[in-house]
Every structure is written in structure tokens, then in C-alpha cells.
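The next block is work-v8.txt, given as compact mmCIF, C-alpha atoms.
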# COMPACT_ATOMS: atom_id res chain seq x y z
CA MET A 29 -20.41 22.55 -1.51
CA ASN A 30 -19.07 24.34 1.54
CA THR A 31 -15.59 23.45 2.76
CA ASN A 32 -15.64 26.01 5.58
CA ILE A 33 -18.98 25.36 7.23
CA PRO A 34 -18.97 26.82 10.76
CA GLY A 35 -19.15 24.44 13.68
CA PRO A 36 -17.78 23.66 17.14
CA TRP A 37 -14.79 21.68 15.86
CA GLN A 38 -11.37 23.28 16.24
CA ASN A 39 -10.51 23.04 12.55
CA GLU A 40 -11.31 21.19 9.34
CA ALA A 41 -8.85 18.43 10.26
CA GLU A 42 -10.84 17.56 13.38
CA LEU A 43 -14.09 17.39 11.42
CA ALA A 44 -12.39 15.19 8.81
CA MET A 45 -11.08 12.90 11.55
CA VAL A 46 -14.59 12.40 12.94
CA ARG A 47 -15.86 11.87 9.39
CA ASP A 48 -13.40 9.01 8.92
CA TRP A 49 -14.29 7.52 12.29
CA PHE A 50 -17.97 7.43 11.33
CA TYR A 51 -17.31 6.31 7.75
CA PRO A 52 -14.12 4.20 7.74
CA SER A 53 -14.99 2.70 4.35
CA HIS A 54 -14.64 6.17 2.82
CA SER A 55 -11.35 7.04 4.51
CA VAL A 56 -7.95 6.61 2.89
CA GLU A 57 -5.82 3.82 4.33
CA ASP A 58 -2.33 4.77 5.45
CA PRO A 59 -0.01 2.48 3.42
CA TYR A 60 2.58 2.63 6.22
CA GLU A 61 0.11 1.64 8.93
CA LEU A 62 0.49 -2.10 9.56
CA LYS A 63 -1.98 -2.31 12.41
CA SER A 64 -5.55 -3.02 11.40
CA ARG A 65 -7.92 -0.08 11.68
CA GLU A 66 -9.67 0.21 15.03
CA ASP A 67 -13.38 0.77 15.35
CA MET A 68 -13.48 4.45 16.30
CA ARG A 69 -17.22 4.99 16.01
CA SER A 70 -17.71 5.30 19.78
CA GLU A 71 -14.92 7.87 19.89
CA ALA A 72 -16.67 9.81 17.13
CA ILE A 73 -19.95 9.76 19.08
CA ALA A 74 -18.16 11.01 22.20
CA ARG A 75 -16.58 13.84 20.20
CA VAL A 76 -19.96 14.89 18.79
CA ASN A 77 -21.46 14.82 22.30
CA VAL A 78 -18.74 17.22 23.44
CA TRP A 79 -19.41 19.50 20.47
CA THR A 80 -23.14 19.49 21.18
CA PHE A 81 -22.60 20.24 24.86
CA LYS A 82 -20.24 23.12 24.13
CA SER A 83 -22.10 24.72 21.24
CA HIS A 84 -25.52 24.97 19.62
CA LYS A 85 -23.83 25.19 16.22
CA THR A 86 -23.37 21.46 15.77
CA PRO A 87 -25.16 20.66 12.47
CA VAL A 88 -28.12 18.32 12.77
CA ALA A 89 -26.51 16.12 10.11
CA VAL A 90 -23.61 15.47 12.48
CA ILE A 91 -25.91 14.86 15.45
CA SER A 92 -28.07 12.50 13.40
CA THR A 93 -24.99 10.59 12.27
CA ALA A 94 -24.00 10.09 15.90
CA ASP A 95 -27.52 9.03 16.94
CA LEU A 96 -27.92 6.48 14.14
CA THR A 97 -24.41 5.11 14.63
CA ASP A 98 -24.95 4.75 18.38
CA SER A 99 -28.10 2.73 17.71
CA ILE A 100 -26.23 0.44 15.33
CA ILE A 101 -23.45 -0.13 17.89
CA HIS A 102 -26.02 -1.14 20.52
CA TYR A 103 -27.63 -3.48 18.00
CA GLU A 104 -24.27 -5.09 17.26
CA LYS A 105 -23.64 -5.57 20.99
CA MET A 106 -27.06 -7.17 21.40
CA VAL A 107 -26.31 -9.62 18.58
CA SER A 108 -22.74 -10.40 19.68
CA THR A 109 -23.79 -11.09 23.29
CA ASN A 110 -26.95 -12.93 22.23
CA ASN A 111 -28.96 -10.88 24.69
CA PRO A 112 -32.66 -10.91 23.72
CA ASP A 113 -33.55 -8.97 26.87
CA SER A 114 -32.18 -5.79 25.28
CA TYR A 115 -34.27 -6.19 22.10
CA ARG A 116 -36.97 -3.74 23.13
CA ALA A 117 -34.47 -1.14 24.35
CA VAL A 118 -32.54 -1.30 21.07
CA GLN A 119 -35.78 -1.12 19.10
CA PHE A 120 -36.79 2.08 20.90
CA MET A 121 -33.29 3.49 20.49
CA PHE A 122 -33.43 2.97 16.72
CA ALA A 123 -36.93 4.42 16.55
CA PHE A 124 -36.01 7.58 18.48
CA ALA A 125 -32.81 8.11 16.49
CA PHE A 126 -34.60 7.76 13.15
CA LEU A 127 -37.52 9.94 14.25
CA ARG A 128 -35.13 12.67 15.36
CA PHE A 129 -33.12 12.34 12.14
CA VAL A 130 -36.10 12.76 9.82
CA ASN A 131 -37.71 15.50 11.91
CA SER A 132 -34.47 17.48 11.83
CA PHE A 133 -34.67 17.76 8.05
CA VAL A 134 -38.35 17.76 7.12
CA ASP A 135 -40.14 19.42 10.03
CA ARG A 136 -41.26 22.77 8.63
CA ASP A 137 -40.04 24.70 11.70
CA VAL A 138 -36.43 23.50 11.41
CA ALA A 139 -36.00 22.36 7.82
CA LYS A 140 -34.64 25.63 6.43
CA ALA A 141 -31.71 25.86 8.84
CA ALA A 142 -30.95 22.14 8.76
CA THR A 143 -30.90 21.75 4.99
CA ALA A 144 -28.93 24.86 4.05
CA ALA A 145 -25.66 22.94 3.69
CA LEU A 146 -27.02 19.82 1.99
CA ILE A 147 -25.85 18.72 -1.43
CA THR A 148 -28.69 18.58 -3.92
CA SER A 149 -28.81 17.18 -7.41
CA GLU A 150 -31.27 17.61 -10.26
CA ASP A 151 -30.77 13.94 -11.09
CA ASP A 152 -32.57 12.91 -7.90
CA ASP A 153 -36.04 13.93 -9.07
CA ASP A 154 -37.60 10.47 -9.25
CA ASP A 155 -40.66 8.66 -7.96
CA GLU A 156 -39.03 7.84 -4.64
CA THR A 157 -38.60 11.50 -3.73
CA SER A 158 -41.75 12.88 -5.33
CA VAL A 159 -44.27 14.81 -3.26
CA LYS A 160 -47.02 12.53 -1.96
CA ILE A 161 -49.05 15.16 -0.13
CA ALA A 162 -49.94 18.52 -1.66
CA GLY A 163 -48.69 21.67 0.02
CA GLU A 164 -45.23 23.12 0.45
CA SER A 165 -45.45 22.80 4.23
CA SER A 166 -45.88 19.01 4.19
CA MET A 167 -43.07 16.76 5.32
CA TYR A 168 -43.13 15.01 1.97
CA ALA A 169 -42.61 18.31 0.20
CA HIS A 170 -39.59 19.12 2.37
CA ALA A 171 -38.24 15.60 1.84
CA ALA A 172 -38.63 15.91 -1.94
CA ALA A 173 -36.80 19.24 -1.91
CA ILE A 174 -33.71 17.64 -0.35
CA SER A 175 -33.98 14.30 -2.18
CA MET A 176 -34.84 12.39 0.96
CA PRO A 177 -36.66 9.14 0.09
CA ASN A 178 -40.37 9.05 0.87
CA ARG A 179 -39.84 5.80 2.78
CA PHE A 180 -37.89 7.76 5.41
CA VAL A 181 -40.94 9.93 6.05
CA ASP A 182 -43.21 6.87 5.93
CA LEU A 183 -41.11 5.21 8.63
CA ARG A 184 -41.10 8.43 10.65
CA HIS A 185 -44.92 8.47 10.62
CA GLN A 186 -45.05 4.78 11.50
CA VAL A 187 -42.70 5.21 14.46
CA SER A 188 -44.43 8.34 15.73
CA HIS A 189 -47.68 6.36 15.94
CA GLY A 190 -46.04 3.60 17.95
CA GLN A 191 -45.93 1.08 15.12
CA LEU A 192 -42.34 -0.08 15.43
CA PRO A 193 -40.83 -2.38 12.78
CA ASP A 194 -38.57 -5.19 13.92
CA VAL A 195 -35.02 -4.36 14.89
CA LYS A 196 -33.45 -5.65 11.68
CA ALA A 197 -35.68 -3.41 9.58
CA LEU A 198 -34.79 -0.45 11.78
CA ARG A 199 -31.09 -1.30 11.49
CA ASP A 200 -31.39 -1.33 7.70
CA ALA A 201 -33.17 2.03 7.80
CA ALA A 202 -30.43 3.46 10.03
CA ASN A 203 -27.76 2.30 7.59
CA GLU A 204 -29.71 3.88 4.73
CA GLY A 205 -29.92 7.07 6.74
CA LEU A 206 -26.16 7.08 7.27
CA THR A 207 -25.62 6.61 3.54
CA TRP A 208 -27.96 9.51 2.81
CA LEU A 209 -26.14 11.71 5.33
CA TRP A 210 -22.81 10.84 3.73
CA GLU A 211 -24.01 11.73 0.26
CA ARG A 212 -25.93 14.85 1.28
CA TRP A 213 -23.74 16.36 3.97
CA TRP A 214 -20.42 14.74 4.85
CA LYS A 215 -19.13 14.34 1.31
CA GLY A 216 -19.55 18.02 0.59
CA ASN A 217 -18.88 19.65 3.95
CA ALA A 218 -16.13 17.56 5.54
CA THR A 219 -13.50 17.61 2.81
CA GLY A 220 -10.41 18.33 4.89
CA ASP A 221 -7.33 16.22 5.61
CA PRO A 222 -7.50 14.55 9.06
CA THR A 223 -3.74 13.98 9.37
CA THR A 224 -2.89 16.73 11.86
CA ALA A 225 -5.91 15.97 14.05
CA LEU A 226 -5.11 12.25 14.05
CA ARG A 227 -1.51 12.90 15.07
CA TYR A 228 -2.67 15.11 17.92
CA PHE A 229 -5.25 12.54 19.02
CA LYS A 230 -2.67 9.75 18.97
CA ALA A 231 -0.13 11.81 20.92
CA THR A 232 -2.61 12.85 23.60
CA SER A 233 -3.96 9.30 23.89
CA GLU A 234 -0.46 7.90 24.42
CA LEU A 235 0.31 10.59 26.99
CA ARG A 236 -2.91 9.85 28.84
CA ALA A 237 -2.13 6.13 28.86
CA GLN A 238 1.33 6.78 30.29
CA THR A 239 0.02 8.95 33.12
CA GLN A 240 -2.54 6.30 34.05
CA ARG A 241 0.00 3.50 34.36
CA PRO A 242 0.79 2.45 37.93
CA ALA A 243 4.20 3.54 39.18

What would you get if you wrote out this structure as C-alpha cells?
Amino acid sequence: MNTNIPGPWQNEAELAMVRDWFYPSHSVEDPYELKSREDMRSEAIARVNVWTFKSHKTPVAVISTADLTDSIIHYEKMVSTNNPDSYRAVQFMFAFAFLRFVNSFVDRDVAKAATAALITSEDDDDDETSVKIAGESSMYAHAAAISMPNRFVDLRHQVSHGQLPDVKALRDAANEGLTWLWERWWKGNATGDPTTALRYFKATSELRAQTQRPA
């Protein structure tokens, strides 16, 4: 577990704030906050995009979280607006996000750097994460080493060959990916208190709103 992992964020509070925006179910509710919690996932994605633009040090776990979350948001918009015309676009968006996510962790050329900060557990050595293809350089071997389910690699192969599952199956896979990222990266590397970053964000947002009001 690394509580001081380097990255483009200003401090641990900012990383913790983005963590809570991506994973609101894991954040601690403020007992004095009467207003219902806003959906801040889009704000989290925007923050990660800024980090990625400014620095090459943004961990692939953070980038993958943003990619998968962005796909889910587009899926939710498609469903809420009942817009079947966007089905194919959302399907491709899910496929690309999941392909990039899995490649970032199991491709032999990038796996070492990407997995250095992951949480591993000896209890995860089960059939789902066992090596299916012999050879340490195989994607299944890398996946087994970081307790990534074989089905993630299976779906990666399926997508890379143009065999796209339906959107609901891809949405479920994206949610599973986000859960895996929480357990393997966020829970161990983003352990700070977001309070100071949230106060700063709220203050700057209110100031920006005031300056944009018509005179």
C-alpha cells in the first residue's frame, strides 16, 4: 500500500476528492450536508483529462477509471433519452475503453510499470485468475499475477477481433472493471482526506458562478 504515490495531482486531498467523485458509494457522507450528493463523475473525468494533458505521470488505473466511467455515463444518457441511434457509438466507446483498460495492465510492454502500485493478495489464487496459456509473457500470465479475472482478457480478445457483445454486457464488464480498479488501486493508493480539496473546489466554483452572473 502506497499512500504517497507520485502523480500530477496537487496533493493527496485532490486525489481523494476525485476518488470520491468516481466512487461515491465508498465516500463518507457529511452528516451536516442536507443537500443530496451531486453526480460528480463528469467533473472527475475532466480533472483526470487535465492531469493527463499536463503530465505523463497519471497512473493508468486513474485513466482507465475515467475511460470506463465516461462510457457508463454515455450509456446512461442513451437509456434516459431513449436514443437507439447512439447504440453503436456507445458500444464502440465501451469496447475501446475496456480494451485500453486491459491492455494497460496485461500487455507485456507496459504491465510492469502499470502494476507496480496494485494491491495483491495471496487469497486471490483461484480458477478465475489461473494462467490459461503457458508462458510468462502471455496476457493471461500477467492477468493472473495481478489477480485480474480471465474473463477480462477473454473480452479483450473478443473486442480486438471485432466481436462486440451487446451494450448491456459491455456495461456490466465496465462496472466489474471499476470494482477491480477500486480494490486493486484506489483503495490502497488514494487514502487521503478530501476535505481541504472539496472546500477549495466549492469556493472556486462559487466565485466562478458569481463572476459569470450578468450585472

Taking all listed atoms of region 209-228 of chain A, build the axis-aligned box, pad each of the six sides by 5 Å, then write its centre and edge lengths in Å to one decimal as JSON.
{"center_x": -13.8, "center_y": 15.2, "center_z": 9.1, "size_x": 34.6, "size_y": 18.8, "size_z": 27.7}

>> Residues proximal to (-29.7, -2.6, 14.0) were defined as those with any atom within 6 Å of that point in the file's coordinates, counting all atoms listed in the file. Which are they, as a PyMOL selection string?
In response: chain A and resi 100+103+195-196+198-199

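Closest approach to Thr223 (chain A) among A:Met45, A:Trp79, A:Leu146, A:Pro34: A:Met45, based on only C-alpha atoms.
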
> Between A:Met121, A:Val90, A:Val134, A:Ala172, which is the closest to Trp214 (chain A) once you count all atoms listed in the file?
Replying inline: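 Among the listed residues, the smallest separation from Trp214 (chain A) belongs to A:Val90.
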
> Pick from A:Thr224, A:Thr109, A:Asn131, A:Ser188: nearest to Gln38 (chain A), with all atoms listed in the file counted?
Replying inline: A:Thr224

> To one decimal place, how far is CA of Asp135 (chain A) from CA of Thr86 (chain A) in Å?
Replying inline: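 Between these atoms lies a distance of 17.8 Å.
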
> Hey, what's within 8 Å of Gln119 (chain A) if we count all atoms listed in the file and toss same-chain stuff fewer than 2 positions away? As a list of chain:residue names, please?
Replying inline: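 Contacts, in chain order: A:Tyr115, A:Arg116, A:Ala117, A:Met121, A:Phe122, A:Ala123, A:Leu192, A:Asp194, A:Val195, A:Leu198.
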
>> So the first atom is CA of Phe124 (chain A) and the second is CA of Val78 (chain A); what is the distance between them in Å, to one decimal place?
In response: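 Taking CA of Phe124 (chain A) and CA of Val78 (chain A), their separation equals 20.4 Å.
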
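Residue nearest Val88 (chain A) within the list A:Asn39, A:Asn178, A:Ser132, A:Asn217: A:Ser132 [criterion: smallest interatomic distance, only C-alpha atoms].
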
> Which one of A:Ala44, A:Gly205, A:Ile91, A:Thr219 sits closest to Arg179 (chain A) if you count all atoms listed in the file?
Replying inline: A:Gly205

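A straight line drawn from CA of Ala41 (chain A) to CA of Phe126 (chain A) is 28.0 Å long.
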
Around (-23.3, 6.3, 15.0), as given in the file, which residues come within 10 Å? Count all atoms listed in the file and list them as a PDB file with C-alpha atoms, keeping the file's coordinate frame.
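Contents of selection_19.pdb, freshly written:
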ATOM      1  CA  TRP A  49     -14.290   7.520  12.290  1.00  0.00           C
ATOM      2  CA  PHE A  50     -17.970   7.430  11.330  1.00  0.00           C
ATOM      3  CA  TYR A  51     -17.310   6.310   7.750  1.00  0.00           C
ATOM      4  CA  ARG A  69     -17.220   4.990  16.010  1.00  0.00           C
ATOM      5  CA  SER A  70     -17.710   5.300  19.780  1.00  0.00           C
ATOM      6  CA  GLU A  71     -14.920   7.870  19.890  1.00  0.00           C
ATOM      7  CA  ALA A  72     -16.670   9.810  17.130  1.00  0.00           C
ATOM      8  CA  ILE A  73     -19.950   9.760  19.080  1.00  0.00           C
ATOM      9  CA  VAL A  76     -19.960  14.890  18.790  1.00  0.00           C
ATOM     10  CA  VAL A  90     -23.610  15.470  12.480  1.00  0.00           C
ATOM     11  CA  ILE A  91     -25.910  14.860  15.450  1.00  0.00           C
ATOM     12  CA  SER A  92     -28.070  12.500  13.400  1.00  0.00           C
ATOM     13  CA  THR A  93     -24.990  10.590  12.270  1.00  0.00           C
ATOM     14  CA  ALA A  94     -24.000  10.090  15.900  1.00  0.00           C
ATOM     15  CA  ASP A  95     -27.520   9.030  16.940  1.00  0.00           C
ATOM     16  CA  LEU A  96     -27.920   6.480  14.140  1.00  0.00           C
ATOM     17  CA  THR A  97     -24.410   5.110  14.630  1.00  0.00           C
ATOM     18  CA  ASP A  98     -24.950   4.750  18.380  1.00  0.00           C
ATOM     19  CA  SER A  99     -28.100   2.730  17.710  1.00  0.00           C
ATOM     20  CA  ILE A 100     -26.230   0.440  15.330  1.00  0.00           C
ATOM     21  CA  ILE A 101     -23.450  -0.130  17.890  1.00  0.00           C
ATOM     22  CA  HIS A 102     -26.020  -1.140  20.520  1.00  0.00           C
ATOM     23  CA  ALA A 125     -32.810   8.110  16.490  1.00  0.00           C
ATOM     24  CA  ALA A 202     -30.430   3.460  10.030  1.00  0.00           C
ATOM     25  CA  ASN A 203     -27.760   2.300   7.590  1.00  0.00           C
ATOM     26  CA  LEU A 206     -26.160   7.080   7.270  1.00  0.00           C
TER      27      LEU A 206
END
